[in-house]
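So this block is final31.txt, compact mmCIF, C-alpha atoms:
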```txt
# COMPACT_ATOMS: atom_id res chain seq x y z
CA MET A 1 0.00 0.00 0.00
CA ASP A 2 1.53 3.30 -1.13
CA LEU A 3 1.01 5.85 1.62
CA SER A 4 2.93 8.62 -0.14
CA PRO A 5 -0.29 10.42 -1.26
CA ILE A 6 -1.33 10.70 2.41
CA TRP A 7 2.05 12.14 3.46
CA LEU A 8 2.05 14.48 0.47
CA THR A 9 -1.46 15.67 1.37
CA LEU A 10 -0.49 16.28 5.00
CA LYS A 11 2.64 18.14 3.87
CA LEU A 12 0.60 20.27 1.46
CA ALA A 13 -2.07 21.03 4.06
CA SER A 14 0.54 21.94 6.71
CA ILE A 15 2.51 24.28 4.42
CA THR A 16 -0.67 25.91 3.09
CA THR A 17 -2.06 26.44 6.60
CA VAL A 18 1.17 27.97 7.93
CA LEU A 19 1.52 30.28 4.91
CA LEU A 20 -2.13 31.33 5.09
CA LEU A 21 -1.84 31.96 8.83
CA ILE A 22 1.15 34.26 8.27
CA VAL A 23 -0.51 36.15 5.41
CA GLY A 24 -4.13 35.80 6.53
CA LEU A 25 -3.80 37.33 10.00
CA PRO A 26 -2.65 40.79 8.89
CA VAL A 27 -5.00 40.75 5.88
CA ALA A 28 -7.98 39.83 8.09
CA TRP A 29 -7.02 42.56 10.55
CA TRP A 30 -6.75 45.10 7.76
CA LEU A 31 -10.13 44.06 6.34
CA SER A 32 -11.76 44.20 9.78
CA LYS A 33 -10.82 47.86 10.25
CA GLY A 34 -13.46 50.01 8.54
CA ARG A 35 -14.84 49.73 5.05
CA SER A 36 -13.90 51.16 1.67
CA PHE A 37 -14.62 50.32 -1.95
CA PHE A 38 -11.07 49.02 -2.37
CA LYS A 39 -11.46 46.71 0.64
CA THR A 40 -14.77 45.43 -0.74
CA ILE A 41 -13.06 44.51 -4.02
CA ILE A 42 -10.20 42.75 -2.21
CA GLU A 43 -12.65 40.88 0.01
CA ALA A 44 -14.67 39.80 -3.02
CA ILE A 45 -11.51 38.45 -4.70
CA ILE A 46 -10.55 36.57 -1.53
CA THR A 47 -14.07 35.10 -1.26
CA MET A 48 -14.30 34.06 -4.93
CA PRO A 49 -12.83 30.55 -4.44
CA LEU A 50 -15.82 29.76 -2.19
CA VAL A 51 -18.22 29.98 -5.12
CA LEU A 52 -15.98 29.46 -8.13
CA PRO A 53 -15.82 25.87 -9.50
CA PRO A 54 -12.35 24.51 -8.53
CA SER A 55 -11.75 23.44 -12.12
CA VAL A 56 -12.24 27.05 -13.28
CA LEU A 57 -9.71 28.33 -10.76
CA GLY A 58 -7.34 25.52 -11.70
CA PHE A 59 -7.76 26.26 -15.40
CA TYR A 60 -6.85 29.93 -14.98
CA LEU A 61 -3.90 29.07 -12.75
CA LEU A 62 -2.76 26.59 -15.39
CA LEU A 63 -2.98 29.31 -18.05
CA ALA A 64 -1.30 31.94 -15.89
CA PHE A 65 1.63 29.76 -14.87
CA SER A 66 2.13 27.80 -18.05
CA PRO A 67 5.88 27.95 -18.83
CA GLN A 68 5.08 28.52 -22.51
CA HIS A 69 3.90 32.11 -22.17
CA GLY A 70 3.21 35.13 -19.99
CA LEU A 71 3.86 35.11 -16.26
CA GLY A 72 4.77 31.40 -16.19
CA LYS A 73 7.37 31.87 -18.93
CA TRP A 74 8.85 34.90 -17.15
CA LEU A 75 9.09 32.98 -13.85
CA GLN A 76 10.69 30.05 -15.64
CA ASP A 77 13.19 32.19 -17.59
CA SER A 78 14.06 34.65 -14.81
CA PHE A 79 14.00 32.53 -11.64
CA ASP A 80 13.82 28.95 -12.92
CA ILE A 81 10.51 28.53 -11.05
CA GLN A 82 7.85 26.30 -12.51
CA PHE A 83 4.47 26.09 -10.84
CA VAL A 84 2.69 23.83 -13.30
CA PHE A 85 2.90 20.09 -12.49
CA SER A 86 5.03 20.71 -9.40
CA PHE A 87 4.50 20.67 -5.64
CA LYS A 88 5.09 24.44 -5.59
CA GLY A 89 2.09 24.78 -7.92
CA LEU A 90 -0.05 22.74 -5.53
CA VAL A 91 0.94 25.03 -2.66
CA LEU A 92 0.10 28.13 -4.72
CA ALA A 93 -3.27 26.72 -5.80
CA SER A 94 -4.13 25.57 -2.28
CA PHE A 95 -3.09 28.94 -0.88
CA ILE A 96 -5.50 30.76 -3.20
CA TYR A 97 -8.26 28.18 -2.93
CA SER A 98 -8.25 28.01 0.90
CA MET A 99 -7.77 31.73 1.51
CA PRO A 100 -11.42 32.49 2.42
CA PHE A 101 -11.41 29.69 5.00
CA MET A 102 -8.53 31.32 6.89
CA ILE A 103 -9.37 34.99 6.44
CA GLY A 104 -13.18 34.83 6.83
CA PRO A 105 -13.45 33.49 10.41
CA ILE A 106 -10.56 35.65 11.67
CA LYS A 107 -12.00 38.81 10.12
CA SER A 108 -15.46 38.14 11.58
CA ALA A 109 -14.02 37.47 15.04
CA LEU A 110 -11.96 40.67 14.99
CA GLN A 111 -15.01 42.67 13.92
CA GLN A 112 -17.02 41.27 16.81
CA LEU A 113 -14.54 42.46 19.44
CA PRO A 114 -15.61 45.78 21.01
CA ALA A 115 -13.71 48.70 19.47
CA SER A 116 -13.01 49.97 22.98
CA LEU A 117 -10.53 47.10 23.59
CA VAL A 118 -8.22 48.45 20.91
CA GLN A 119 -8.85 52.03 22.01
CA ALA A 120 -8.00 51.17 25.63
CA SER A 121 -4.75 49.58 24.54
CA TYR A 122 -3.83 52.61 22.42
CA THR A 123 -4.45 55.03 25.31
CA LEU A 124 -2.04 52.92 27.36
CA GLY A 125 0.61 53.80 24.78
CA LYS A 126 0.66 50.40 23.06
CA SER A 127 1.43 50.17 19.36
CA GLN A 128 -0.83 48.51 16.80
CA TRP A 129 1.41 45.44 16.82
CA GLN A 130 1.44 45.18 20.64
CA THR A 131 -2.34 45.55 20.66
CA PHE A 132 -2.74 42.91 17.96
CA LYS A 133 -0.43 40.47 19.76
CA SER A 134 -1.51 41.01 23.37
CA VAL A 135 -5.18 41.98 23.10
CA LEU A 136 -6.72 40.93 19.79
CA ILE A 137 -5.16 37.55 19.05
CA PRO A 138 -5.68 36.08 22.56
CA ASN A 139 -9.34 37.10 22.43
CA ILE A 140 -10.13 35.42 19.11
CA LYS A 141 -8.54 32.05 19.91
CA PRO A 142 -11.62 29.91 19.15
CA SER A 143 -12.11 31.55 15.76
CA LEU A 144 -8.41 31.31 15.04
CA LEU A 145 -8.49 27.59 15.74
CA THR A 146 -11.58 27.20 13.58
CA ALA A 147 -9.83 29.03 10.73
CA ILE A 148 -6.71 26.87 11.03
CA VAL A 149 -8.67 23.62 11.09
CA LEU A 150 -10.99 24.66 8.26
CA THR A 151 -8.01 25.63 6.10
CA PHE A 152 -6.16 22.41 6.85
CA ALA A 153 -9.25 20.22 6.32
CA HIS A 154 -10.23 22.06 3.15
CA THR A 155 -6.73 21.58 1.71
CA LEU A 156 -6.93 17.85 2.53
CA GLY A 157 -10.03 17.58 0.37
CA GLU A 158 -8.94 19.62 -2.65
CA PHE A 159 -9.35 17.84 -5.93
CA GLY A 160 -10.27 19.88 -9.00
CA VAL A 161 -7.85 22.75 -8.62
CA VAL A 162 -5.00 20.41 -7.61
CA LEU A 163 -5.64 18.09 -10.54
CA MET A 164 -5.70 20.97 -13.02
CA ILE A 165 -2.41 22.56 -11.99
CA GLY A 166 -0.57 19.54 -10.58
CA GLY A 167 -1.79 16.55 -12.55
CA ASN A 168 -1.18 13.11 -11.10
CA ILE A 169 2.57 12.63 -10.65
CA PRO A 170 3.42 10.06 -7.94
CA ASN A 171 5.37 11.54 -4.98
CA VAL A 172 5.16 15.03 -6.51
CA THR A 173 1.54 16.03 -7.07
CA ARG A 174 -0.46 12.86 -6.43
CA VAL A 175 -2.30 13.84 -3.27
CA ALA A 176 -4.80 11.61 -1.44
CA SER A 177 -7.95 12.89 -3.14
CA ILE A 178 -6.42 12.22 -6.54
CA ALA A 179 -5.16 8.85 -5.36
CA VAL A 180 -8.75 7.92 -4.41
CA TYR A 181 -10.01 8.90 -7.86
CA ASP A 182 -7.10 7.13 -9.54
CA SER A 183 -7.67 3.94 -7.52
CA VAL A 184 -11.35 3.88 -8.44
CA GLU A 185 -10.43 4.38 -12.10
CA ARG A 186 -8.14 1.35 -11.81
CA MET A 187 -10.96 -0.57 -10.03
CA ASP A 188 -8.70 -0.87 -6.96
CA TYR A 189 -11.47 -0.28 -4.43
CA ALA A 190 -9.42 -1.53 -1.48
CA ALA A 191 -6.82 1.21 -1.98
CA ALA A 192 -9.53 3.82 -2.59
CA ASN A 193 -11.23 2.74 0.63
CA THR A 194 -8.00 2.95 2.65
CA TYR A 195 -7.18 6.45 1.40
CA SER A 196 -10.76 7.56 1.99
CA LEU A 197 -10.89 6.09 5.49
CA ILE A 198 -7.64 7.80 6.49
CA LEU A 199 -8.87 11.16 5.17
CA PHE A 200 -12.22 10.64 6.87
CA ALA A 201 -10.58 9.82 10.21
CA ILE A 202 -8.17 12.79 10.12
CA THR A 203 -10.95 15.23 9.21
CA PHE A 204 -13.35 13.83 11.82
CA VAL A 205 -10.80 14.08 14.65
CA MET A 206 -9.94 17.64 13.66
CA VAL A 207 -13.53 18.82 13.51
CA ILE A 208 -14.40 17.13 16.83
CA SER A 209 -11.35 18.79 18.44
CA VAL A 210 -12.54 22.21 17.30
CA PHE A 211 -16.02 21.62 18.71
CA VAL A 212 -14.62 20.45 22.06
CA PHE A 213 -12.15 23.34 22.33
CA ASN A 214 -14.65 25.99 21.28
CA LYS A 215 -17.30 24.66 23.67
CA TYR A 216 -14.82 25.12 26.50
CA GLN A 217 -13.86 28.58 25.24
CA ALA A 218 -17.52 29.60 24.91
CA LYS A 219 -17.41 30.71 28.54
CA SER A 220 -15.65 33.82 27.30
CA PRO A 221 -17.87 36.93 27.41
CA LEU A 222 -16.96 37.63 23.80
CA GLU A 223 -18.55 34.48 22.48
CA MET B 1 -3.48 74.66 31.06
CA ILE B 2 -5.64 72.50 28.88
CA GLU B 3 -7.28 74.31 25.98
CA VAL B 4 -9.87 72.56 23.90
CA THR B 5 -11.67 74.03 20.90
CA ILE B 6 -13.43 71.48 18.76
CA GLU B 7 -16.18 71.16 16.22
CA LYS B 8 -17.41 67.67 15.52
CA ASN B 9 -20.40 66.47 13.54
CA LEU B 10 -22.47 63.99 15.51
CA LYS B 11 -24.65 61.41 13.80
CA VAL B 12 -28.10 61.52 15.31
CA TYR B 13 -31.33 59.83 14.30
CA GLN B 14 -32.61 61.43 11.06
CA GLY B 15 -30.11 64.25 10.89
CA LYS B 16 -26.92 65.85 12.06
CA GLN B 17 -25.90 67.70 15.17
CA VAL B 18 -22.73 69.69 15.70
CA LEU B 19 -20.76 69.39 18.90
CA LYS B 20 -19.06 72.74 19.47
CA ILE B 21 -16.91 73.21 22.53
CA SER B 22 -14.38 75.88 23.42
CA ARG B 23 -13.10 75.62 26.95
CA GLN B 24 -10.02 75.88 29.14
CA PHE B 25 -9.36 73.55 32.05
CA PRO B 26 -6.85 74.76 34.68
CA PRO B 27 -4.07 72.27 35.56
CA GLY B 28 -5.03 70.01 38.43
CA SER B 29 -8.73 70.83 38.09
CA ILE B 30 -11.49 68.24 38.21
CA THR B 31 -14.40 69.01 35.89
CA LYS B 32 -17.74 67.30 35.71
CA ILE B 33 -19.23 66.95 32.23
CA TYR B 34 -22.93 66.39 32.08
CA GLY B 35 -25.84 66.71 29.73
CA PRO B 36 -28.57 64.67 28.05
CA SER B 37 -27.91 61.38 26.27
CA GLY B 38 -26.52 61.89 22.80
CA ALA B 39 -25.16 65.34 23.59
CA GLY B 40 -21.63 64.18 22.73
CA LYS B 41 -20.04 63.67 26.16
CA THR B 42 -18.25 60.44 25.22
CA THR B 43 -17.34 61.88 21.81
CA PHE B 44 -15.79 64.88 23.57
CA LEU B 45 -13.58 62.66 25.77
CA LYS B 46 -12.61 60.42 22.85
CA THR B 47 -11.75 63.44 20.73
CA ILE B 48 -9.36 64.69 23.41
CA ALA B 49 -7.85 61.19 23.65
CA GLY B 50 -7.27 61.09 19.88
CA LEU B 51 -9.65 58.19 19.35
CA ILE B 52 -11.99 60.33 17.24
CA SER B 53 -10.97 63.14 14.90
CA PRO B 54 -13.05 66.32 14.84
CA GLU B 55 -13.83 68.29 11.67
CA LYS B 56 -12.15 71.37 13.13
CA GLY B 57 -10.31 72.09 16.30
CA LYS B 58 -7.26 72.68 18.42
CA ILE B 59 -6.24 70.89 21.59
CA VAL B 60 -3.26 72.16 23.56
CA ILE B 61 -2.22 70.29 26.69
CA ASN B 62 0.27 72.06 28.95
CA GLY B 63 1.78 73.89 25.98
CA ILE B 64 1.99 70.84 23.72
CA ILE B 65 -0.25 70.80 20.64
CA TRP B 66 -2.12 67.49 20.46
CA LEU B 67 -4.42 68.58 17.66
CA ASP B 68 -4.52 71.47 15.24
CA THR B 69 -6.63 70.86 12.17
CA VAL B 70 -5.32 74.03 10.51
CA ALA B 71 -1.67 73.08 10.94
CA ASN B 72 -2.50 69.43 10.21
CA ILE B 73 -1.23 68.20 13.58
CA ASN B 74 -2.99 65.21 15.12
CA LEU B 75 -1.04 63.19 17.68
CA SER B 76 -1.97 59.51 17.96
CA PRO B 77 -3.63 58.19 21.15
CA GLN B 78 -0.34 56.39 21.87
CA LYS B 79 1.50 59.72 21.96
CA ARG B 80 -1.24 61.50 23.93
CA MET B 81 -1.60 58.69 26.48
CA PRO B 82 -4.44 60.04 28.60
CA GLY B 83 -5.70 57.89 31.44
CA PHE B 84 -9.04 56.79 30.01
CA VAL B 85 -11.87 55.02 31.82
CA PHE B 86 -14.28 53.66 29.25
CA GLN B 87 -18.01 53.53 29.87
CA ASP B 88 -18.05 49.80 28.99
CA TYR B 89 -14.80 49.37 31.00
CA ALA B 90 -13.00 47.91 27.93
CA LEU B 91 -11.30 45.28 30.06
CA PHE B 92 -9.25 42.66 28.24
CA PRO B 93 -11.00 39.28 28.67
CA ASN B 94 -7.72 37.38 28.34
CA MET B 95 -5.94 39.23 31.16
CA THR B 96 -6.14 38.89 34.92
CA VAL B 97 -6.44 41.90 37.24
CA LEU B 98 -2.67 41.94 37.74
CA GLU B 99 -1.96 41.48 34.03
CA HIS B 100 -4.14 44.48 33.22
CA LEU B 101 -1.97 46.69 35.41
CA GLU B 102 1.29 45.06 34.26
CA TYR B 103 0.24 45.72 30.67
CA ALA B 104 -0.05 49.41 31.54
CA THR B 105 3.05 49.90 33.73
CA ASP B 106 6.24 48.21 34.95
CA ASP B 107 6.16 50.04 38.29
CA LYS B 108 5.49 47.19 40.79
CA ASP B 109 5.11 49.49 43.81
CA TRP B 110 2.58 51.62 41.98
CA ILE B 111 0.67 48.49 40.93
CA ASN B 112 0.54 47.26 44.54
CA ARG B 113 -0.69 50.63 45.71
CA LEU B 114 -3.39 50.75 43.05
CA LEU B 115 -4.55 47.23 43.92
CA LEU B 116 -4.97 48.29 47.55
CA LEU B 117 -6.71 51.51 46.51
CA GLY B 118 -9.24 49.61 44.40
CA LYS B 119 -9.52 46.81 46.96
CA LEU B 120 -8.58 44.28 44.29
CA ASP B 121 -5.41 43.02 46.00
CA THR B 122 -7.02 39.66 46.82
CA LEU B 123 -8.33 39.19 43.27
CA THR B 124 -5.11 39.66 41.29
CA ASP B 125 -5.43 36.34 39.41
CA HIS B 126 -9.08 36.86 38.46
CA LYS B 127 -10.12 37.56 34.90
CA PRO B 128 -12.87 40.15 34.21
CA THR B 129 -15.59 37.48 33.83
CA HIS B 130 -14.98 36.44 37.42
CA LEU B 131 -15.33 39.97 38.80
CA SER B 132 -18.53 41.74 39.80
CA GLY B 133 -19.62 44.86 37.89
CA GLY B 134 -18.24 47.11 40.62
CA GLN B 135 -14.90 45.26 40.68
CA GLN B 136 -14.64 45.50 36.90
CA GLN B 137 -15.27 49.22 37.05
CA ARG B 138 -12.62 49.69 39.73
CA LEU B 139 -10.14 47.74 37.62
CA ALA B 140 -10.89 50.04 34.67
CA ILE B 141 -10.16 53.04 36.90
CA LEU B 142 -6.93 51.51 38.24
CA ARG B 143 -5.71 50.70 34.72
CA ALA B 144 -6.28 54.31 33.67
CA LEU B 145 -4.34 55.54 36.70
CA ALA B 146 -1.52 53.05 36.14
CA ILE B 147 0.10 55.10 33.38
CA LYS B 148 0.35 58.19 35.66
CA SER B 149 -1.02 60.53 33.02
CA LYS B 150 -1.40 64.25 33.63
CA LEU B 151 -4.80 64.08 31.97
CA ILE B 152 -7.43 61.62 33.11
CA LEU B 153 -10.66 61.17 31.16
CA MET B 154 -13.41 59.20 32.89
CA ASP B 155 -16.66 58.18 31.22
CA GLU B 156 -19.27 57.32 33.87
CA PRO B 157 -16.58 55.82 36.12
CA PHE B 158 -18.67 55.24 39.26
CA SER B 159 -21.99 54.04 37.80
CA ALA B 160 -21.64 50.43 38.98
CA LEU B 161 -20.25 51.12 42.47
CA ASP B 162 -22.32 50.83 45.63
CA PRO B 163 -22.70 54.11 47.56
CA GLU B 164 -20.28 53.14 50.33
CA MET B 165 -17.54 52.04 47.95
CA LYS B 166 -18.13 55.12 45.81
CA ILE B 167 -17.57 57.54 48.72
CA GLU B 168 -14.46 55.67 49.85
CA LEU B 169 -12.98 55.41 46.34
CA ILE B 170 -13.69 59.03 45.45
CA ALA B 171 -11.89 60.18 48.63
CA GLU B 172 -8.86 58.03 47.70
CA LEU B 173 -8.91 59.18 44.09
CA LYS B 174 -8.88 62.80 45.15
CA ILE B 175 -5.53 62.20 46.87
CA VAL B 176 -4.14 60.32 43.86
CA PHE B 177 -5.23 63.05 41.44
CA ILE B 178 -3.38 65.66 43.53
CA GLU B 179 -0.34 63.40 43.76
CA LEU B 180 -0.26 62.92 39.98
CA ASP B 181 -0.99 66.62 39.46
CA ALA B 182 -3.59 65.43 36.99
CA THR B 183 -6.35 67.37 35.30
CA VAL B 184 -9.48 65.26 35.34
CA LEU B 185 -12.61 65.33 33.19
CA ILE B 186 -15.45 63.14 34.45
CA VAL B 187 -18.64 62.40 32.55
CA SER B 188 -21.48 61.71 34.97
CA HIS B 189 -25.24 61.49 34.87
CA ASN B 190 -25.61 61.46 38.63
CA PRO B 191 -26.15 65.02 39.92
CA VAL B 192 -24.80 64.33 43.41
CA GLU B 193 -22.14 61.61 43.15
CA LEU B 194 -19.29 64.02 42.42
CA GLU B 195 -20.14 66.58 45.10
CA GLY B 196 -17.01 67.68 46.94
CA LEU B 197 -14.75 66.21 44.24
CA VAL B 198 -15.17 68.52 41.28
CA ASP B 199 -14.26 72.17 41.03
CA GLY B 200 -15.88 72.93 37.69
CA GLU B 201 -18.70 71.83 35.41
CA LEU B 202 -19.30 71.67 31.69
CA TYR B 203 -22.82 71.22 30.39
CA LEU B 204 -23.28 69.80 26.91
CA ALA B 205 -26.72 70.48 25.47
```
Produce structure tokens that represent the structure in this file.
Amino acid sequence: MDLSPIWLTLKLASITTVLLLIVGLPVAWWLSKGRSFFKTIIEAIITMPLVLPPSVLGFYLLLAFSPQHGLGKWLQDSFDIQFVFSFKGLVLASFIYSMPFMIGPIKSALQQLPASLVQASYTLGKSQWQTFKSVLIPNIKPSLLTAIVLTFAHTLGEFGVVLMIGGNIPNVTRVASIAVYDSVERMDYAAANTYSLILFAITFVMVISVFVFNKYQAKSPLE
Amino acid sequence: MIEVTIEKNLKVYQGKQVLKISRQFPPGSITKIYGPSGAGKTTFLKTIAGLISPEKGKIVINGIIWLDTVANINLSPQKRMPGFVFQDYALFPNMTVLEHLEYATDDKDWINRLLLLGKLDTLTDHKPTHLSGGQQQRLAILRALAIKSKLILMDEPFSALDPEMKIELIAELKIVFIELDATVLIVSHNPVELEGLVDGELYLA
């Protein structure tokens, strides 16, 4: 039994989640502060993967990063970076595709905090960063955990977008969801069942953990 | 001397109202601000603190310009650092009583004194959810005092305190205000609670 698709999936989900956490936190904070037309446009772009068919997103990523022309050719010629049919491409696609799952819950949680918390911190002489680190982040822990788990779980289940930009290359782009599809195509139902069961178990444990943790945290007055 | 001249548009139901204030507050004075709901009392305090920007105005605190809309000067709340007691307390749910004060100052002796003053010395490891309304309000006052600001802005700071505690705390605060040489602006709805504490009044219509 080849377990490499499972390890590759976990690696992809971990990298995507960490990258989105680093980028998503400041973006969510920025979006949570006031409204403007520009912010509405950015938010709409970030939310698009929620409603866009994954194959459409994958198709455009494939076009954009094709080494034959445009941006993909420039990246290939200038930096020797190729996103199409590579693990890097999977990370890029997952990053874009899972963005709303990281940014959405964090932004909502930040917006629900009373504005006076930030104001109180500022009048104590604390910078925006100190306020973010010491006041905002600790008070949105349940939502932060939800965002992390949703992003990770969503990346585990990606299929269309990953298949479009990554294909089905063993040990490189053949993640678990593609391995399930591939096994069924080959009529190898035992392998498909094993991959599916492992994915099911991982996702179930993660979702249960979030519910348990957030139930405990619900004692917070901000919930 | 604290000189405040501001003009700020207030959003009111079905229309606009302009908050216009021009007033000087002598150093070390304690002024009561009162008036009907929606008159702009909280907005006035937040404007001085730099949390809200007025359309026009100038704020000079002991010779330092905090705001001058003509000269395009507008110091951030972090640079102004007034002691501010928020009407909703604005306590940090993740911090204990002690952590609130440690977040504001490194001065351990001052923290211990404040804890005694607010009678919270036995509750240092309690988070806001485990404090009564009166205890939360006292913590909000102590946190504002912790930074030893020369300007203290208090928005309904005694509304949740029982009469006995209120009298005791006000007497203690009076000493602390003199010690800090602080100018204090207190928003209050209660016509009698600040008797003997304040030496001036500002009515906002």
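Going from atom CA of Pro77 of chain B to atom CA of Gly50 of chain B covers 4.8 Å.
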Open item on the list: Env of Asn112 of chain B: 12 Å cut, atoms = all atoms listed in the file, seq-sep filter 2 positions within chain, self excluded. Answer as number ranges by chain.
Closed with: B: 97-98, 101-102, 105-110, 114-122, 124, 142, 146
Open item on the list: What does the structure give for the distance between atom CA of Phe101 of chain A and atom CA of Leu12 of chain A, in Å to one decimal?
Closed with: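 Going from atom CA of Phe101 of chain A over to atom CA of Leu12 of chain A covers 15.7 Å.
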Task: d(atom CA of Thr17 of chain A, atom CA of Lys107 of chain A) in Å - done: 16.3 Å
Which residues of chain B come within 9 Å of chain A, and for each one, what is the closest pair of atoms and their distance in Å to one decimal, counting only C-alpha atoms, sorted by chain and residue number, as a tab-separated table?
```
residue	atom	partner	partner_atom	distance
B:Ala49	CA	A:Thr123	CA	7.2
B:Gly50	CA	A:Thr123	CA	8.6
B:Leu51	CA	A:Gln119	CA	6.8
B:Ser76	CA	A:Tyr122	CA	8.4
B:Pro77	CA	A:Thr123	CA	5.3
B:Gln78	CA	A:Gly125	CA	4.0
B:Lys79	CA	A:Gly125	CA	6.6
B:Arg80	CA	A:Thr123	CA	7.4
B:Met81	CA	A:Thr123	CA	4.8
B:Pro82	CA	A:Thr123	CA	6.0
B:Gly83	CA	A:Thr123	CA	6.9
B:Phe84	CA	A:Thr123	CA	6.8
B:Val85	CA	A:Ala120	CA	8.3
B:Phe86	CA	A:Ser116	CA	7.4
B:Asp88	CA	A:Ser116	CA	7.8
B:Tyr89	CA	A:Ser116	CA	8.2
B:Ala90	CA	A:Leu117	CA	5.1
B:Leu91	CA	A:Leu117	CA	6.8
B:Phe92	CA	A:Leu117	CA	6.6
B:Pro93	CA	A:Asn139	CA	6.8
B:Asn94	CA	A:Asn139	CA	6.1
B:Met95	CA	A:Val135	CA	8.6
B:Tyr103	CA	A:Leu124	CA	8.2
B:Ala104	CA	A:Leu124	CA	5.8
B:Thr105	CA	A:Leu124	CA	8.7
B:Thr129	CA	A:Pro221	CA	6.8
B:Arg143	CA	A:Leu124	CA	8.5
B:Ala144	CA	A:Leu124	CA	7.7
B:Ala146	CA	A:Leu124	CA	8.8
B:Ile147	CA	A:Leu124	CA	6.8
```
- [ ] Return the single residue from A:Ala109, A:Ile169, A:Ile15, A:Ile22 that is closest to Val91 of chain A, with distances computed using only C-alpha atoms.
- [x]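 For Val91 of chain A, the nearest of the candidates is A:Ile15.
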Open item on the list: My list of candidates is A:Gly104, A:Pro142, A:Gly160, A:Gly167. Which is closest to Asn214 of chain A when distances are computed with all atoms listed in the file?
Closed with: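 Answer, going by the shortest atom-to-atom distance: A:Pro142.
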- [ ] Would you list the contacts of Val70 of chain B as a list of chain:residue names, taking every protein, DNA or RNA residue within 10 Å and counting all atoms listed in the file, but skipping same-chain residues closer than 3 positions in sequence?
- [x]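 Counting all atoms listed in the file, the residues come to B:Lys56, B:Gly57, B:Lys58, B:Leu67, B:Ile73.
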How close does each residue of segment 102-203 of chain B get to segment 10-31 of chain B, giving the shortest atom pair and distance in Å to one decimal for every residue with an atom at most 6 Å away, counting all atoms listed in the file, sorted by chain and residue number, as CSV?
```
residue,atom,partner,partner_atom,distance
B:Asp181,CA,B:Gly28,CA,5.4
B:Ala182,CA,B:Gly28,CA,5.0
B:Thr183,CA,B:Gly28,CA,4.3
B:Val184,CA,B:Ile30,CA,4.6
B:Leu185,CA,B:Thr31,CA,4.9
B:Val198,CA,B:Ile30,CA,4.8
B:Asp199,CA,B:Ile30,CA,5.6
B:Gly200,CA,B:Thr31,CA,4.6
B:Glu201,CA,B:Thr31,CA,5.2
```
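Excluding Glu55 of chain B and any residue on its chain fewer than 3 positions from it, the residues at most 10 Å away by all atoms listed in the file are Ile6, Glu7, Lys8, Asn9, Val18, Ile52 and Thr69 of chain B.
Among the candidate residues B:Ile178, B:Leu204, B:Met154, B:Leu197, the one lying nearest to Lys46 of chain B is B:Met154, with distances computed using only C-alpha atoms.
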Task: Distance criterion (only C-alpha atoms): nearest to Val51 of chain A out of A:Pro100, A:Gly72, A:Leu150, A:Leu63 - done: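 Answer, going by the shortest atom-to-atom distance: A:Pro100.
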- [ ] Would you mind telling me which residue in A:Met1, A:Val175, A:Ile202, A:Leu113 lies nearest to Lys33 of chain A when using only C-alpha atoms?
- [x]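 Looking at the shortest contact to Lys33 of chain A, the residue is A:Leu113.
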Taking (7.4, 27.4, -14.2) in the file's coordinates, which residues come within 8 Å, counting all atoms listed in the file, written as a PDB file with C-alpha atoms, in the coordinates of the input?
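Saved result, part.pdb, follows:
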```pdb
ATOM      1  CA  PHE A  65       1.630  29.760 -14.870  1.00  0.00           C
ATOM      2  CA  SER A  66       2.130  27.800 -18.050  1.00  0.00           C
ATOM      3  CA  PRO A  67       5.880  27.950 -18.830  1.00  0.00           C
ATOM      4  CA  GLY A  72       4.770  31.400 -16.190  1.00  0.00           C
ATOM      5  CA  LYS A  73       7.370  31.870 -18.930  1.00  0.00           C
ATOM      6  CA  LEU A  75       9.090  32.980 -13.850  1.00  0.00           C
ATOM      7  CA  GLN A  76      10.690  30.050 -15.640  1.00  0.00           C
ATOM      8  CA  ASP A  80      13.820  28.950 -12.920  1.00  0.00           C
ATOM      9  CA  ILE A  81      10.510  28.530 -11.050  1.00  0.00           C
ATOM     10  CA  GLN A  82       7.850  26.300 -12.510  1.00  0.00           C
ATOM     11  CA  PHE A  83       4.470  26.090 -10.840  1.00  0.00           C
ATOM     12  CA  VAL A  84       2.690  23.830 -13.300  1.00  0.00           C
TER      13      VAL A  84
END
```
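For the choices A:Val161, A:Val210, A:Leu199, A:Val205, the atom-to-atom distance to Ala179 of chain A is smallest for A:Leu199 when using only C-alpha atoms.
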Open item on the list: Please list as a ChimeraX atom specification every residue within 8 Å of Tyr97 of chain A, counting all atoms listed in the file and excluding residues in the same chain fewer than 6 positions away.
Closed with: /A:49-50,54,57,161
